[in-house]
>>> print(open('structure_5.cif').read())   # mmCIF, C-alpha atoms
data_protein
loop_
_atom_site.label_atom_id
_atom_site.label_comp_id
_atom_site.auth_asym_id
_atom_site.auth_seq_id
_atom_site.Cartn_x
_atom_site.Cartn_y
_atom_site.Cartn_z
CA MET A 1 -75.36 -49.19 0.18
CA LYS A 2 -73.10 -46.21 0.53
CA LYS A 3 -70.48 -46.54 3.25
CA PHE A 4 -69.25 -43.62 5.28
CA LEU A 5 -65.53 -43.22 6.00
CA LEU A 6 -65.78 -43.39 9.75
CA LEU A 7 -67.36 -46.85 9.56
CA THR A 8 -65.40 -48.59 6.83
CA LEU A 9 -62.75 -50.09 9.15
CA ILE A 10 -65.03 -50.93 12.02
CA PHE A 11 -64.01 -54.48 12.75
CA MET A 12 -60.25 -54.62 12.20
CA LEU A 13 -59.23 -55.93 15.61
CA LEU A 14 -55.93 -54.63 16.99
CA LEU A 15 -54.79 -56.27 20.23
CA SER A 16 -52.63 -55.45 23.26
CA VAL A 17 -53.63 -51.81 23.77
CA VAL A 18 -54.79 -52.17 27.35
CA PRO A 19 -52.72 -54.26 29.77
CA ALA A 20 -54.41 -56.92 31.88
CA LEU A 21 -56.17 -55.62 35.01
CA ALA A 22 -57.49 -57.19 38.13
CA ALA A 23 -61.09 -58.31 37.92
CA ASN A 24 -62.30 -55.57 40.27
CA ASP A 25 -60.52 -52.70 38.45
CA TYR A 26 -62.73 -50.25 36.59
CA ILE A 27 -61.72 -48.81 33.25
CA THR A 28 -62.67 -45.23 32.45
CA VAL A 29 -63.33 -44.31 28.83
CA VAL A 30 -62.85 -40.73 27.59
CA ILE A 31 -63.97 -39.76 24.07
CA ASP A 32 -62.54 -36.47 22.78
CA GLY A 33 -62.14 -35.15 26.30
CA VAL A 34 -65.59 -36.21 27.52
CA GLU A 35 -65.89 -39.12 29.94
CA LEU A 36 -68.20 -41.83 28.67
CA VAL A 37 -70.93 -42.96 31.05
CA PRO A 38 -71.83 -46.25 29.32
CA LYS A 39 -75.47 -47.30 29.65
CA ASP A 40 -77.55 -50.07 28.13
CA VAL A 41 -80.86 -49.61 26.33
CA ASN A 42 -82.65 -49.42 29.70
CA GLY A 43 -80.38 -46.72 31.07
CA ASN A 44 -78.41 -49.01 33.38
CA ILE A 45 -74.66 -48.48 33.79
CA VAL A 46 -72.58 -51.09 31.95
CA ARG A 47 -68.83 -51.44 32.44
CA PRO A 48 -66.07 -52.24 29.95
CA MET A 49 -65.21 -55.90 30.15
CA LEU A 50 -61.83 -57.70 30.19
CA THR A 51 -61.82 -61.09 28.42
CA LYS A 52 -58.73 -63.18 27.59
CA GLY A 53 -56.48 -60.14 27.93
CA THR A 54 -58.59 -57.94 25.62
CA THR A 55 -60.78 -55.07 26.78
CA TYR A 56 -64.28 -54.86 25.28
CA LEU A 57 -66.60 -51.83 25.22
CA PRO A 58 -70.40 -51.75 24.97
CA VAL A 59 -71.22 -50.85 21.37
CA ARG A 60 -74.51 -49.02 22.04
CA ALA A 61 -72.97 -46.71 24.62
CA VAL A 62 -70.17 -45.58 22.33
CA ALA A 63 -72.44 -45.18 19.29
CA SER A 64 -74.91 -43.14 21.34
CA ALA A 65 -72.12 -40.89 22.65
CA LEU A 66 -71.17 -40.15 19.03
CA ASN A 67 -74.78 -39.56 17.93
CA LEU A 68 -74.92 -42.64 15.69
CA ASP A 69 -78.08 -44.68 15.16
CA ILE A 70 -77.98 -48.22 16.53
CA GLU A 71 -80.70 -50.88 16.72
CA TRP A 72 -80.96 -54.40 18.09
CA ASP A 73 -82.94 -57.13 16.31
CA ASP A 74 -83.69 -59.87 18.82
CA SER A 75 -85.07 -62.28 16.22
CA THR A 76 -81.71 -62.57 14.45
CA LYS A 77 -79.45 -61.46 17.34
CA SER A 78 -78.13 -58.62 15.18
CA VAL A 79 -76.85 -55.09 15.78
CA PHE A 80 -77.66 -52.51 13.08
CA ILE A 81 -75.53 -49.35 12.88
CA ASN A 82 -76.58 -46.56 10.50
CA GLY A 83 -79.38 -48.44 8.76
CA THR A 84 -80.93 -51.87 8.47
CA PRO A 85 -80.27 -54.58 5.87
CA GLU A 86 -82.88 -55.88 3.44
CA LYS A 87 -82.56 -59.22 5.19
CA ALA A 88 -80.57 -60.09 8.32
CA GLU A 89 -79.04 -63.54 8.67
CA LYS A 90 -79.82 -65.66 11.70
CA THR A 91 -76.75 -67.49 12.95
CA ASP A 92 -75.41 -68.95 16.19
CA VAL A 93 -73.50 -65.75 17.02
CA VAL A 94 -74.24 -62.06 17.23
CA ASN A 95 -74.08 -60.36 13.83
CA VAL A 96 -73.22 -56.71 13.30
CA TYR A 97 -74.34 -54.74 10.25
CA ILE A 98 -72.93 -51.42 9.04
CA ASN A 99 -75.02 -49.51 6.50
CA GLY A 100 -76.99 -52.69 5.87
CA GLU A 101 -74.00 -54.97 5.26
CA ARG A 102 -72.84 -57.72 7.61
CA ILE A 103 -69.30 -57.28 8.94
CA LEU A 104 -67.00 -60.05 10.19
CA PRO A 105 -64.60 -58.71 12.86
CA MET A 106 -61.12 -60.23 12.63
CA ASP A 107 -58.01 -60.16 14.75
CA VAL A 108 -54.53 -59.24 13.51
CA ASN A 109 -53.97 -62.84 12.39
CA GLY A 110 -57.08 -62.84 10.22
CA ASN A 111 -59.14 -64.96 12.62
CA VAL A 112 -62.81 -64.09 13.05
CA VAL A 113 -63.59 -62.80 16.54
CA ASN A 114 -67.25 -62.82 17.49
CA PRO A 115 -68.82 -59.92 19.38
CA ILE A 116 -69.78 -60.78 22.93
CA LEU A 117 -73.39 -60.63 24.11
CA LYS A 118 -73.75 -60.37 27.88
CA ASP A 119 -76.86 -59.45 29.84
CA GLY A 120 -78.46 -57.97 26.73
CA THR A 121 -75.43 -55.79 25.84
CA THR A 122 -73.19 -56.30 22.82
CA TYR A 123 -69.44 -55.71 23.32
CA LEU A 124 -66.60 -55.23 20.85
CA PRO A 125 -62.81 -55.01 21.41
CA ILE A 126 -61.72 -51.47 22.19
CA ARG A 127 -59.38 -51.17 19.21
CA ALA A 128 -62.18 -52.26 16.89
CA ILE A 129 -64.29 -49.51 18.45
CA SER A 130 -61.55 -46.95 17.84
CA GLU A 131 -61.24 -47.97 14.20
CA ALA A 132 -65.02 -47.89 13.85
CA PHE A 133 -65.32 -44.24 14.76
CA ASN A 134 -62.03 -42.97 13.30
CA LYS A 135 -60.47 -42.36 16.73
CA GLU A 136 -56.94 -42.74 17.99
CA VAL A 137 -56.65 -44.84 21.14
CA SER A 138 -54.25 -44.46 24.06
CA TRP A 139 -53.98 -45.88 27.57
CA GLU A 140 -53.21 -44.06 30.84
CA GLN A 141 -51.99 -46.70 33.28
CA GLU A 142 -52.14 -44.62 36.46
CA THR A 143 -55.87 -43.86 36.17
CA HIS A 144 -56.85 -46.95 34.13
CA THR A 145 -58.24 -44.66 31.42
CA VAL A 146 -58.74 -45.42 27.75
CA MET A 147 -58.73 -42.25 25.64
CA LEU A 148 -60.32 -42.14 22.21
CA THR A 149 -59.48 -38.93 20.37
CA THR A 150 -60.19 -37.61 16.89
CA PRO A 151 -56.92 -37.49 14.93
CA PRO A 152 -55.78 -34.12 13.63
CA VAL A 153 -57.10 -33.12 10.24
CA LYS A 154 -54.33 -33.07 7.65
CA GLY A 155 -54.02 -30.37 5.03
CA PHE A 156 -55.03 -27.18 6.87
CA GLU A 157 -52.20 -24.70 7.26
CA GLU A 158 -52.03 -21.94 9.83
CA GLY A 159 -52.14 -18.51 8.27
CA LYS A 160 -54.21 -19.62 5.28
CA ILE A 161 -57.83 -18.60 4.83
CA TYR A 162 -60.61 -21.15 4.21
CA ALA A 163 -64.26 -20.99 3.27
CA PHE A 164 -66.98 -23.40 4.42
CA VAL A 165 -69.34 -24.23 1.55
CA ASN A 166 -72.45 -26.26 2.25
CA LYS A 167 -72.85 -29.41 0.13
CA ALA A 168 -76.64 -29.09 -0.06
CA SER A 169 -77.12 -25.39 -0.81
CA GLY A 170 -73.74 -24.52 -2.36
CA LYS A 171 -73.67 -21.41 -0.18
CA ALA A 172 -70.80 -20.32 2.06
CA ILE A 173 -70.81 -19.41 5.73
CA SER A 174 -70.61 -15.62 5.80
CA LEU A 175 -70.06 -13.09 8.58
CA THR A 176 -72.97 -10.64 8.25
CA ASP A 177 -74.56 -7.94 10.39
CA ASN A 178 -76.99 -10.64 11.59
CA GLY A 179 -74.25 -13.10 12.56
CA LEU A 180 -73.19 -16.24 10.66
CA GLU A 181 -75.42 -16.82 7.67
CA LEU A 182 -75.23 -18.75 4.39
CA GLU A 183 -74.78 -16.64 1.26
CA ARG A 184 -73.77 -17.23 -2.34
CA PHE A 185 -70.04 -17.90 -2.44
CA TYR A 186 -68.25 -15.00 -4.14
CA HIS A 187 -64.95 -15.26 -2.28
CA TYR A 188 -65.68 -12.22 -0.13
CA SER A 189 -63.25 -11.61 2.72
CA PHE A 190 -66.07 -12.09 5.26
CA GLN A 191 -66.53 -15.64 3.91
CA GLY A 192 -62.97 -16.57 4.89
CA PHE A 193 -61.88 -18.15 8.18
CA LYS A 194 -58.64 -19.21 9.82
CA ILE A 195 -58.34 -22.77 11.16
CA THR A 196 -55.89 -23.19 14.06
CA PRO A 197 -55.33 -26.15 16.40
CA SER A 198 -56.75 -25.88 19.92
CA ASP A 199 -55.22 -27.39 23.06
CA THR A 200 -57.45 -30.47 22.60
CA ASP A 201 -56.15 -33.01 20.08
CA GLY A 202 -58.25 -33.16 16.93
CA TYR A 203 -60.14 -29.92 17.62
CA TYR A 204 -59.70 -26.49 16.06
CA TYR A 205 -60.57 -22.86 16.58
CA ILE A 206 -62.32 -21.32 13.56
CA THR A 207 -61.70 -17.58 13.47
CA ALA A 208 -63.72 -15.10 11.40
CA ALA A 209 -62.70 -11.81 9.78
CA ASN A 210 -63.82 -9.96 12.95
CA ASP A 211 -61.08 -11.84 14.87
CA LYS A 212 -63.68 -13.78 16.86
CA ASN A 213 -64.13 -17.54 17.05
CA PHE A 214 -66.96 -19.83 16.08
CA ASP A 215 -68.91 -20.36 19.29
CA VAL A 216 -71.95 -22.45 20.27
CA ASN A 217 -74.30 -19.78 21.60
CA GLY A 218 -74.76 -20.02 25.36
CA ASN A 219 -72.62 -23.16 25.47
CA SER A 220 -75.81 -25.01 24.57
CA LYS A 221 -75.83 -28.77 24.14
CA ASN A 222 -79.28 -28.72 22.54
CA PRO A 223 -80.20 -29.18 18.86
CA GLY A 224 -81.14 -25.90 17.21
CA ALA A 225 -78.61 -23.71 19.02
CA LYS A 226 -77.01 -21.07 16.80
CA ILE A 227 -73.33 -20.95 15.96
CA ILE A 228 -72.13 -17.38 16.48
CA THR A 229 -68.79 -15.60 16.65
CA TYR A 230 -67.53 -14.53 20.07
CA ASN A 231 -64.41 -13.19 21.75
CA LYS A 232 -61.57 -15.72 21.57
CA GLY A 233 -61.47 -18.16 24.47
CA THR A 234 -60.51 -21.74 25.25
CA ALA A 235 -63.90 -23.20 26.24
CA ASP A 236 -65.12 -26.42 24.63
CA ASN A 237 -67.91 -24.59 22.80
CA GLN A 238 -65.23 -22.86 20.68
CA LYS A 239 -63.38 -26.07 19.79
CA PHE A 240 -64.57 -27.75 16.61
CA CYS A 241 -63.76 -31.11 15.05
CA LEU A 242 -63.48 -31.17 11.25
CA GLU A 243 -64.23 -34.81 10.47
CA LYS A 244 -63.64 -35.77 6.87
CA THR A 245 -66.09 -38.22 5.31
CA GLU A 246 -66.30 -39.42 1.73
CA ASP A 247 -68.95 -36.81 0.88
CA GLY A 248 -67.71 -33.77 2.81
CA TYR A 249 -66.74 -32.63 6.28
CA LEU A 250 -68.80 -32.98 9.45
CA ILE A 251 -68.12 -30.04 11.79
CA TYR A 252 -69.07 -30.24 15.45
CA ALA A 253 -68.16 -28.60 18.74
CA LEU A 254 -66.52 -30.48 21.59
CA SER A 255 -69.12 -29.11 24.00
CA SER A 256 -72.14 -30.70 22.28
CA LEU A 257 -70.81 -33.22 19.69
CA LEU A 258 -73.68 -32.05 17.45
CA PRO A 259 -72.85 -31.29 13.80
CA ILE A 260 -73.49 -27.84 12.38
CA GLU A 261 -75.74 -27.41 9.36
CA ASP A 262 -77.31 -24.95 6.95
CA SER A 263 -80.64 -24.40 8.70
CA ALA A 264 -82.63 -22.27 6.25
CA GLY A 265 -79.66 -19.97 5.76
CA VAL A 266 -78.60 -19.85 9.42
CA VAL A 267 -75.73 -21.84 10.96
CA LYS A 268 -77.04 -24.07 13.74
CA GLN A 269 -76.10 -27.33 15.45
CA ASN A 270 -78.51 -30.23 15.19
CA GLU A 271 -78.84 -33.95 15.79
CA LYS A 272 -76.75 -36.01 13.39
CA ARG A 273 -78.61 -37.19 10.32
CA GLN A 274 -77.70 -38.45 6.89
CA SER A 275 -78.21 -35.18 5.05
CA LEU A 276 -75.95 -32.99 2.94
CA VAL A 277 -77.10 -29.94 4.91
CA GLN A 278 -74.59 -31.18 7.53
CA LYS A 279 -71.75 -31.77 5.06
CA TRP A 280 -69.26 -29.08 4.05
CA ASP A 281 -66.54 -28.44 1.50
CA ILE A 282 -63.58 -26.60 3.03
CA VAL A 283 -62.05 -24.47 0.29
CA GLU A 284 -58.78 -22.55 0.49
CA MET A 285 -59.36 -18.91 -0.48
CA ILE A 286 -56.48 -17.84 -2.71
CA PHE A 287 -58.18 -14.55 -3.60
CA SER A 288 -60.13 -12.33 -1.25
CA ARG A 289 -62.61 -9.62 -2.21
CA GLU A 290 -63.07 -6.89 0.39
CA LYS A 291 -66.66 -5.96 -0.47
CA LYS A 292 -69.51 -7.12 -2.62
CA THR A 293 -69.07 -4.29 -5.12
CA SER A 294 -65.53 -5.35 -5.98
CA SER A 295 -64.38 -7.87 -8.56
CA TYR A 296 -61.10 -8.89 -10.13
CA MET A 297 -59.11 -7.61 -13.04
CA LEU A 298 -57.06 -10.12 -15.04
CA ALA A 299 -54.16 -8.48 -16.79
CA ILE A 300 -51.24 -9.77 -18.81
CA SER A 301 -48.08 -9.11 -16.81
CA GLY A 302 -46.68 -5.83 -18.13
CA GLY A 303 -49.62 -5.43 -20.51
CA GLY A 304 -53.33 -4.70 -20.71
CA ALA A 305 -56.39 -6.09 -18.93
CA LEU A 306 -58.78 -8.73 -20.24
CA TYR A 307 -62.13 -7.23 -21.33
CA ASP A 308 -65.47 -8.72 -22.34
CA ARG A 309 -67.91 -6.50 -24.21
CA ALA A 310 -70.86 -6.98 -26.51
CA ASP A 311 -68.48 -7.30 -29.47
CA GLY A 312 -66.36 -9.95 -27.76
CA LEU A 313 -63.13 -10.45 -25.83
CA PHE A 314 -60.04 -8.33 -26.15
CA TYR A 315 -57.22 -7.11 -23.95
CA GLY A 316 -56.14 -3.53 -23.54
CA TYR A 317 -55.58 -0.78 -20.99
CA VAL A 318 -58.32 0.06 -18.48
CA ASN A 319 -60.73 2.62 -19.86
CA ASP A 320 -62.97 4.71 -17.57
CA GLY A 321 -65.65 4.66 -20.22
CA ASP A 322 -65.99 0.90 -19.90
CA PRO A 323 -66.11 0.35 -16.10
CA GLU A 324 -67.60 -3.16 -16.05
CA ALA A 325 -65.88 -4.84 -19.01
CA PRO A 326 -62.59 -5.73 -17.22
CA CYS A 327 -64.41 -6.99 -14.05
CA TRP A 328 -64.37 -10.73 -13.42
CA LEU A 329 -65.86 -12.91 -10.68
CA LEU A 330 -63.77 -15.91 -9.60
CA THR A 331 -66.05 -18.65 -8.29
CA PRO A 332 -64.19 -21.66 -6.82
CA ASN A 333 -65.20 -25.24 -6.16
CA ALA A 334 -63.87 -27.68 -3.57
CA ASP A 335 -61.12 -28.92 -5.90
CA GLY A 336 -59.50 -25.48 -6.20
CA GLU A 337 -60.87 -24.91 -9.72
CA TYR A 338 -62.45 -21.59 -10.73
CA ILE A 339 -65.16 -20.39 -13.06
CA ILE A 340 -64.18 -16.95 -14.42
CA THR A 341 -67.31 -14.87 -15.11
CA ASN A 342 -67.44 -11.37 -16.53
CA VAL A 343 -69.58 -8.86 -14.60
CA ASN A 344 -70.46 -6.95 -17.76
CA THR A 345 -71.78 -9.84 -19.87
CA ASN A 346 -72.43 -12.47 -17.16
CA LYS A 347 -70.67 -15.02 -19.39
CA SER A 348 -67.73 -17.25 -18.41
CA LEU A 349 -64.39 -18.01 -20.04
CA ASP A 350 -64.93 -21.12 -22.17
CA VAL A 351 -62.62 -23.28 -24.30
CA ALA A 352 -64.50 -23.06 -27.60
CA ASN A 353 -65.97 -26.29 -28.99
CA ASN A 354 -64.41 -28.34 -26.17
CA SER A 355 -61.12 -28.22 -28.06
CA LYS A 356 -57.94 -29.76 -26.70
CA THR A 357 -55.77 -28.38 -29.49
CA SER A 358 -53.10 -25.85 -28.56
CA GLY A 359 -53.79 -22.44 -30.09
CA ASP A 360 -57.56 -22.81 -30.41
CA PRO A 361 -59.67 -19.89 -29.14
CA VAL A 362 -61.07 -19.16 -25.71
CA ILE A 363 -64.40 -17.30 -25.74
CA THR A 364 -67.04 -16.28 -23.22
CA TYR A 365 -70.23 -18.31 -23.10
CA LYS A 366 -73.28 -18.88 -20.91
CA THR A 367 -72.07 -20.31 -17.59
CA SER A 368 -72.38 -24.09 -17.39
CA GLY A 369 -69.65 -25.12 -14.96
CA ASP A 370 -68.43 -27.79 -17.39
CA ALA A 371 -64.74 -28.72 -17.48
CA ASN A 372 -64.08 -26.40 -20.42
CA GLN A 373 -65.16 -23.49 -18.19
CA ARG A 374 -63.05 -24.44 -15.17
CA TRP A 375 -59.56 -23.06 -14.60
CA ILE A 376 -56.69 -23.58 -12.17
CA PHE A 377 -54.56 -20.66 -11.00
CA GLU A 378 -50.89 -21.65 -10.64
CA LYS A 379 -49.06 -19.02 -8.62
CA GLN A 380 -45.51 -18.22 -9.74
CA ASP A 381 -42.55 -17.02 -7.67
CA ASP A 382 -43.03 -13.45 -8.90
CA GLY A 383 -46.65 -13.34 -7.69
CA THR A 384 -48.22 -13.71 -11.13
CA TYR A 385 -50.36 -16.66 -12.24
CA LEU A 386 -50.50 -19.19 -15.01
CA ILE A 387 -54.17 -20.01 -15.68
CA LYS A 388 -54.66 -23.61 -16.83
CA SER A 389 -57.76 -25.14 -18.39
CA VAL A 390 -59.09 -28.17 -16.49
CA HIS A 391 -60.46 -29.53 -19.78
CA SER A 392 -57.35 -29.30 -21.95
CA ASN A 393 -54.44 -28.81 -19.51
CA LEU A 394 -53.40 -25.89 -21.73
CA TYR A 395 -52.82 -22.33 -20.53
CA LEU A 396 -54.76 -19.12 -21.04
CA SER A 397 -52.63 -17.15 -23.48
CA ILE A 398 -52.54 -14.09 -25.74
CA VAL A 399 -51.22 -15.11 -29.14
CA ASP A 400 -51.34 -12.62 -32.01
CA ASN A 401 -53.77 -10.45 -30.00
CA THR A 402 -56.19 -13.39 -29.64
CA LEU A 403 -57.18 -15.18 -26.43
CA VAL A 404 -56.41 -18.91 -26.74
CA HIS A 405 -55.41 -21.91 -24.66
CA ALA A 406 -51.92 -23.09 -25.51
CA GLU A 407 -48.88 -25.02 -24.41
CA LEU A 408 -46.34 -23.11 -22.36
CA ASN A 409 -44.22 -21.04 -24.72
CA ASN A 410 -41.93 -18.12 -23.98
CA ALA A 411 -43.13 -16.42 -27.15
CA TYR A 412 -46.71 -16.23 -25.83
CA LYS A 413 -48.19 -13.88 -23.24
CA GLN A 414 -49.22 -16.30 -20.49
CA SER A 415 -48.36 -14.68 -17.16
CA TRP A 416 -51.36 -12.98 -15.53
CA THR A 417 -51.76 -10.58 -12.61
CA VAL A 418 -54.94 -10.83 -10.52
CA SER A 419 -56.04 -7.77 -8.55
CA VAL A 420 -59.21 -6.45 -6.93
CA TYR A 421 -60.86 -3.95 -9.29
#
>>> encode(input="structure_5.cif", output="structure tokens")
Amino acid sequence: MKKFLLLTLIFMLLLSVVPALAANDYITVVIDGVELVPKDVNGNIVRPMLTKGTTYLPVRAVASALNLDIEWDDSTKSVFINGTPEKAEKTDVVNVYINGERILPMDVNGNVVNPILKDGTTYLPIRAISEAFNKEVSWEQETHTVMLTTPPVKGFEEGKIYAFVNKASGKAISLTDNGLELERFYHYSFQGFKITPSDTDGYYYITAANDKNFDVNGNSKNPGAKIITYNKGTADNQKFCLEKTEDGYLIYALSSLLPIEDSAGVVKQNEKRQSLVQKWDIVEMIFSREKKTSSYMLAISGGGALYDRADGLFYGYVNDGDPEAPCWLLTPNADGEYIITNVNTNKSLDVANNSKTSGDPVITYKTSGDANQRWIFEKQDDGTYLIKSVHSNLYLSIVDNTLVHAELNNAYKQSWTVSVY
């Protein structure tokens, strides 16, 4: 059964985070800035527990706070997180299953440490809990507070522009006259957003082209609330966690801890569920189109533009009598690869016959999205681009007035300018 990233390390036990306390001392637990009020299945308050110098937390309370499914099977004394197994083992100790597979929690010395069952509540060491939910753990001695925080997302740079593309629909979050909606991803400027750290660790402001932030409408904590853009502030309903999983990002506000999704073309928050409508690719936008009527012109540096007409590809100087032929759409995927499609013919640049031989032709062909139609733009110091085929690792080139893919060669025309046309 497929594992999710936030659960793969759940039972690696790390000790000595919380110093020993007196028996009557209470420990407060704060998860991403929100104090946890731990309750059992009946709604009764349950406290963290100190045993042999290690602090244990109630598993159900933490999982519920993070909107994860958890079940208890009394017949086998088992805890099920995110799904049930085909068959649960019955042993002398409490068993814990993640995505249907039994996990054996171990300490730093490799010794198995059994979960504790007390008064109907299952407890796990606090550091195992932090690893389970991909949280960093820290201890504040003065207030006896354990803080679990989402670690900062790596790879997002301030000043860069990113698009949010839904894994289920393939559409991008777009700023429209009706608010945030999902539209076909054409790299429009209104589909680009800035991602900047907030004053809460692990949470970000997401700023649209109108210079307003993503915002949970009305500061709602309820499923179904719309995500809008609103004047920049510092409230929790404008702080979003970008949690990377193995099949895309989960995005949720600090105020509600509910993930956002593509809800029939509208951006809303909803209860967490195992669906790609709640998973997102976050794509850096290298190029930005100002309006839907614009496209790109690809031109050899110091030379003519690339055309596609009924009689085939050629390059030459822009001609007013052929307004669509030099217009190209650049459609990216999550890996930073592009399909290059001509507006005039609706065909895409294609390495002919899946060749990997330097000097063989590049043509236009019906769009498939296969590797021989995907290209990587490598920006050079002078602002021009080398355009490399994903399929062959050779570069888009003009050789003897013919468009080919070829090895880098100073004798070839291989440096391209990319401009809105």
>>> resolve_selection(input="structure_5.cif", expression="the PyMOL selection byres ((chain A and resi 205-221) around 10)", output="ChimeraX atom specification")
/A:161-162,174-175,180,189-199,203-204,222-241,252-258,260,268-270
>>> residues_around(input="structure_5.cif", residues="Leu313 (chain A)", least_positions_apart="5", cutoff="9 Å", atoms="all atoms listed in the file", output="list in words")
Leu306, Tyr307, Asp308, Val362, Ile363, Thr364, Thr402 and Leu403 of chain A
>>> closest_residue(input="structure_5.cif", among="A:Val390, A:Ile70, A:Arg102, A:Phe156", to="Pro85 (chain A)", atoms="only C-alpha atoms")
A:Arg102
>>> atom_distance(input="structure_5.cif", atom1="CA of Gly159 (chain A)", atom2="CA of Asp247 (chain A)")
25.9 Å
>>> closest_atom_pairs(input="structure_5.cif", of="region 394-417 of chain A", to="region 333-355 of chain A", cutoff="12 Å", atoms="only C-alpha atoms", output="tab-separated table")
residue	atom	partner	partner_atom	distance
A:Leu394	CA	A:Val351	CA	9.9
A:Tyr395	CA	A:Val351	CA	10.5
A:Leu396	CA	A:Val351	CA	9.5
A:Ser397	CA	A:Val351	CA	11.7
A:Leu403	CA	A:Val351	CA	10.0
A:Val404	CA	A:Val351	CA	8.0
A:His405	CA	A:Val351	CA	7.3
A:Ala406	CA	A:Val351	CA	10.8
>>> residues_around(input="structure_5.cif", residues="Met297 (chain A)", least_positions_apart="4", cutoff="7 Å", atoms="only C-alpha atoms", output="ChimeraX atom specification")
/A:305,326-328,418-421
>>> resolve_selection(input="structure_5.cif", expression="the PyMOL selection byres ((chain A and resi 136) around 6)", output="PyMOL selection string")
chain A and resi 135+137+148-149
>>> closest_residue(input="structure_5.cif", among="A:Ala172, A:Ile27, A:Val94, A:Val62", to="Lys39 (chain A)", atoms="all atoms listed in the file")
A:Val62
>>> build_atoms(input="structure_5.cif", residues="region 72-87 of chain A", atoms="N, CA and C atoms", output="PDB file, in the frame of the given file")
ATOM      1  N   TRP A  72     -81.139 -52.986  17.790  1.00  0.00           N
ATOM      2  CA  TRP A  72     -80.960 -54.400  18.090  1.00  0.00           C
ATOM      3  C   TRP A  72     -82.154 -55.177  17.575  1.00  0.00           C
ATOM      4  N   ASP A  73     -81.893 -56.253  16.827  1.00  0.00           N
ATOM      5  CA  ASP A  73     -82.940 -57.130  16.310  1.00  0.00           C
ATOM      6  C   ASP A  73     -82.848 -58.455  17.048  1.00  0.00           C
ATOM      7  N   ASP A  74     -83.766 -58.675  17.965  1.00  0.00           N
ATOM      8  CA  ASP A  74     -83.690 -59.870  18.820  1.00  0.00           C
ATOM      9  C   ASP A  74     -83.935 -61.147  18.034  1.00  0.00           C
ATOM     10  N   SER A  75     -84.731 -61.054  16.954  1.00  0.00           N
ATOM     11  CA  SER A  75     -85.070 -62.280  16.220  1.00  0.00           C
ATOM     12  C   SER A  75     -83.859 -62.888  15.521  1.00  0.00           C
ATOM     13  N   THR A  76     -82.916 -62.070  15.129  1.00  0.00           N
ATOM     14  CA  THR A  76     -81.710 -62.570  14.450  1.00  0.00           C
ATOM     15  C   THR A  76     -80.449 -62.358  15.275  1.00  0.00           C
ATOM     16  N   LYS A  77     -80.603 -61.775  16.485  1.00  0.00           N
ATOM     17  CA  LYS A  77     -79.450 -61.460  17.340  1.00  0.00           C
ATOM     18  C   LYS A  77     -78.446 -60.590  16.567  1.00  0.00           C
ATOM     19  N   SER A  78     -78.956 -59.479  16.029  1.00  0.00           N
ATOM     20  CA  SER A  78     -78.130 -58.620  15.180  1.00  0.00           C
ATOM     21  C   SER A  78     -78.131 -57.183  15.689  1.00  0.00           C
ATOM     22  N   VAL A  79     -76.991 -56.520  15.501  1.00  0.00           N
ATOM     23  CA  VAL A  79     -76.850 -55.090  15.780  1.00  0.00           C
ATOM     24  C   VAL A  79     -76.798 -54.360  14.445  1.00  0.00           C
ATOM     25  N   PHE A  80     -77.637 -53.317  14.292  1.00  0.00           N
ATOM     26  CA  PHE A  80     -77.660 -52.510  13.080  1.00  0.00           C
ATOM     27  C   PHE A  80     -77.126 -51.116  13.406  1.00  0.00           C
ATOM     28  N   ILE A  81     -76.087 -50.694  12.702  1.00  0.00           N
ATOM     29  CA  ILE A  81     -75.530 -49.350  12.880  1.00  0.00           C
ATOM     30  C   ILE A  81     -75.703 -48.588  11.571  1.00  0.00           C
ATOM     31  N   ASN A  82     -76.351 -47.420  11.677  1.00  0.00           N
ATOM     32  CA  ASN A  82     -76.580 -46.560  10.500  1.00  0.00           C
ATOM     33  C   ASN A  82     -77.357 -47.280   9.399  1.00  0.00           C
ATOM     34  N   GLY A  83     -78.515 -47.838   9.763  1.00  0.00           N
ATOM     35  CA  GLY A  83     -79.380 -48.440   8.760  1.00  0.00           C
ATOM     36  C   GLY A  83     -79.545 -49.929   8.932  1.00  0.00           C
ATOM     37  N   THR A  84     -80.623 -50.449   8.364  1.00  0.00           N
ATOM     38  CA  THR A  84     -80.930 -51.870   8.470  1.00  0.00           C
ATOM     39  C   THR A  84     -80.752 -52.554   7.118  1.00  0.00           C
ATOM     40  N   PRO A  85     -80.414 -53.844   7.134  1.00  0.00           N
ATOM     41  CA  PRO A  85     -80.270 -54.580   5.870  1.00  0.00           C
ATOM     42  C   PRO A  85     -81.617 -54.991   5.302  1.00  0.00           C
ATOM     43  N   GLU A  86     -81.641 -55.355   4.019  1.00  0.00           N
ATOM     44  CA  GLU A  86     -82.880 -55.880   3.440  1.00  0.00           C
ATOM     45  C   GLU A  86     -83.280 -57.171   4.142  1.00  0.00           C
ATOM     46  N   LYS A  87     -82.273 -57.980   4.484  1.00  0.00           N
ATOM     47  CA  LYS A  87     -82.560 -59.220   5.190  1.00  0.00           C
ATOM     48  C   LYS A  87     -81.373 -59.552   6.088  1.00  0.00           C
TER      49      LYS A  87
END
